[in-house]
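**Q** This structure is in structure tokens; I'll ask about it shortly.
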Amino acid sequence: ALQLETQVTLDTLTQQHPLQHGLAELITYLQLGSDDFNTVVDESTSDTIYWKAKSSNGMQVQKQASLPRVIFVK
């Protein structure tokens, strides 16, 4: 995403590319680091990230996590 933009929020990124591996994938995004970009946290703004998972009875359910806005900046 940062090849096309100078910054992108985690919320926008997960809307464009929905989480396939749930909370584990979300945590991986939060741990990203690189010499090519920085991660900035805007604690004055909150985002809710959504993903789909299967419940114990096999039904698909929507999960969510609310967290401060995470911005990846080139």
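Simple scheme: letters A, B, ... for chains in structure tokens order, numbers from 1 for residues in each chain, numbers from 1 for ligands in the order shown.
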What's around stretch 31-44 of chain A at 8 Å? Count only C-alpha atoms, leave out sequence neighbours fewer than 3 positions away in its own chain, and write the answer as a list in words.
**A**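 In the requested format, the answer is Ile27, Thr28, Pro68, Arg69, Val70, Ile71, Phe72, Val73 and Lys74 of chain A.
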**Q** List every residue of chain A that DSSP, applied to the backbone, labels as helix (DSSP H, G or I), and write the result as a ChimeraX atom specification.
**A** /A:10-16,22-30
**Q** To one decimal place, how far is atom CA of A:Gly22 from atom CA of A:Ala53 in Å?
**A** 6.8 Å
**Q** Measuring atom to atom with only C-alpha atoms, identify which of A:Lys54, A:Leu67, A:Ala1, A:Ile49 is nearest to A:Glu25.
**A**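 Answer, going by the shortest atom-to-atom distance: A:Ile49.
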**Q** Find the residues near A:Leu26: any atom within 12 Å, counting only C-alpha atoms, skip ones fewer than 6 places away on the same chain, and give them as a list of chain:residue names.
**A**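 Near neighbours after the sequence-gap exclusion: A:Leu10, A:Asp11, A:Leu13, A:Thr14, A:His17, A:Pro18, A:Leu19, A:Gln20, A:Leu32, A:Thr48, A:Ile49, A:Tyr50, A:Trp51, A:Lys63, A:Gln64, A:Ala65, A:Ser66, A:Leu67, A:Val70.
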